[in-house]
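Inspection log for the structure reproduced underneath, given as structure tokens.
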Amino acid sequence: MDKHEGRDAGTIRLDDPWYDALAVGWGEGEETSPPRPAPGDSPAHAASDIYLEVQRSAAFQEVRSRYRGFVVPATAGFFLWYVAYVVAATAAPALMARPVVGAVNVAMLAGLGQFLTTFLLTWAYARHARLRRDRAALDLRWTVFEQERGQERTRARGAGR
């Protein structure tokens with residue numbers, strides 16, 4: 001890794017929309033302020049307007065809808081399964097103590113089922129995200145990146161006059 005000297009020593013600048021500049025240096029006590037618009041910029045060209053425009057877009061709403069369509073039923077189902085396990089353990093101890101095979105009883109199988117369900121939900125969520133949302137979310141992110149880049153070019157041209 002090259003060492004740099006000067007005011008911006010250690011600063012990493014990447015033109016990658018997946019790069020999260022806020023995560024770099026997090027918790028190191030450095031105060032950073034958001035970039036201020038140039039004096040000639042109109043409020044209609046602020047960076048926040050780009051994000052509001054994307055948030056209102058049909059593509060963003062579709063990504064959010066697909067996310068909620070999976071997460072809400074999965075969370076509700078898992079929560080009901082967990083509550084049923086706890087209620088059965090407290091309300092029907094005889095049922096939960098019933099042996100299945102040797103020293104393994106219904107409660108142990110239900111407890112292991114909780115772990116299995118957690119892993120299955122994690123796998124299903126990752127699969128759902130990969131197949132139904134990741135491509136659309138990446139396209140949205142590139143759209144925002146390109147709009148911000150175009151805004152920076154316009155600002156740079158305006159400052160160069």
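All residue names refer to the structure tokens as shown: chains lettered A, B, ... in order, residues numbered from 1 in each chain, ligands numbered from 1 in order.
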Would you mind listing what lies within 12 Å of region 50-57 of chain A as a list in words, with only C-alpha atoms counted and same-chain residues fewer than 4 positions away left out?
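Contacts, in chain order: Pro43, Ala44, His45, Ala46, Gln61, Glu62, Val63, Arg64, Ala137, Asp139, Leu140, Arg141, Trp142, Thr143, Val144, Phe145, Glu146, Gln147, Glu148, Arg149, Gly150 and Gln151 of chain A.
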As an MDAnalysis selection string, please: the residues near region 97-114 of chain A (cut-off 7 Å, only C-alpha atoms, same-chain neighbours under 4 positions excluded).
chainID A and resid 85 93 118
State, in Å with one decimal place, the distance from CA of Gly77 (chain A) to CA of His128 (chain A).
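Going from CA of Gly77 (chain A) over to CA of His128 (chain A) covers 16.4 Å.
Residue nearest Thr122 (chain A) within the list A:Leu95, A:Ala74, A:Ala89, A:Ala156: A:Ala74 [criterion: smallest interatomic distance, only C-alpha atoms].
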If you measure from CA of Ala76 (chain A) to CA of Leu121 (chain A), what distance in Å do you get, rounded to one decimal?
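Calculated distance between CA of Ala76 (chain A) and CA of Leu121 (chain A) is 11.9 Å.
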Within region 29-161 of chain A, find each residue whose DSSP state, derived from the backbone, is alpha helix (DSSP H), and express the selection as an MDAnalysis selection string.
chainID A and resid 47:56 58:91 93:96 106:128 134:159
What is the CA of Thr117 (chain A)-CA of Tyr67 (chain A) distance in Å, reported with one decimal?
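CA of Tyr67 (chain A) lies at a distance of 19.3 Å from CA of Thr117 (chain A).
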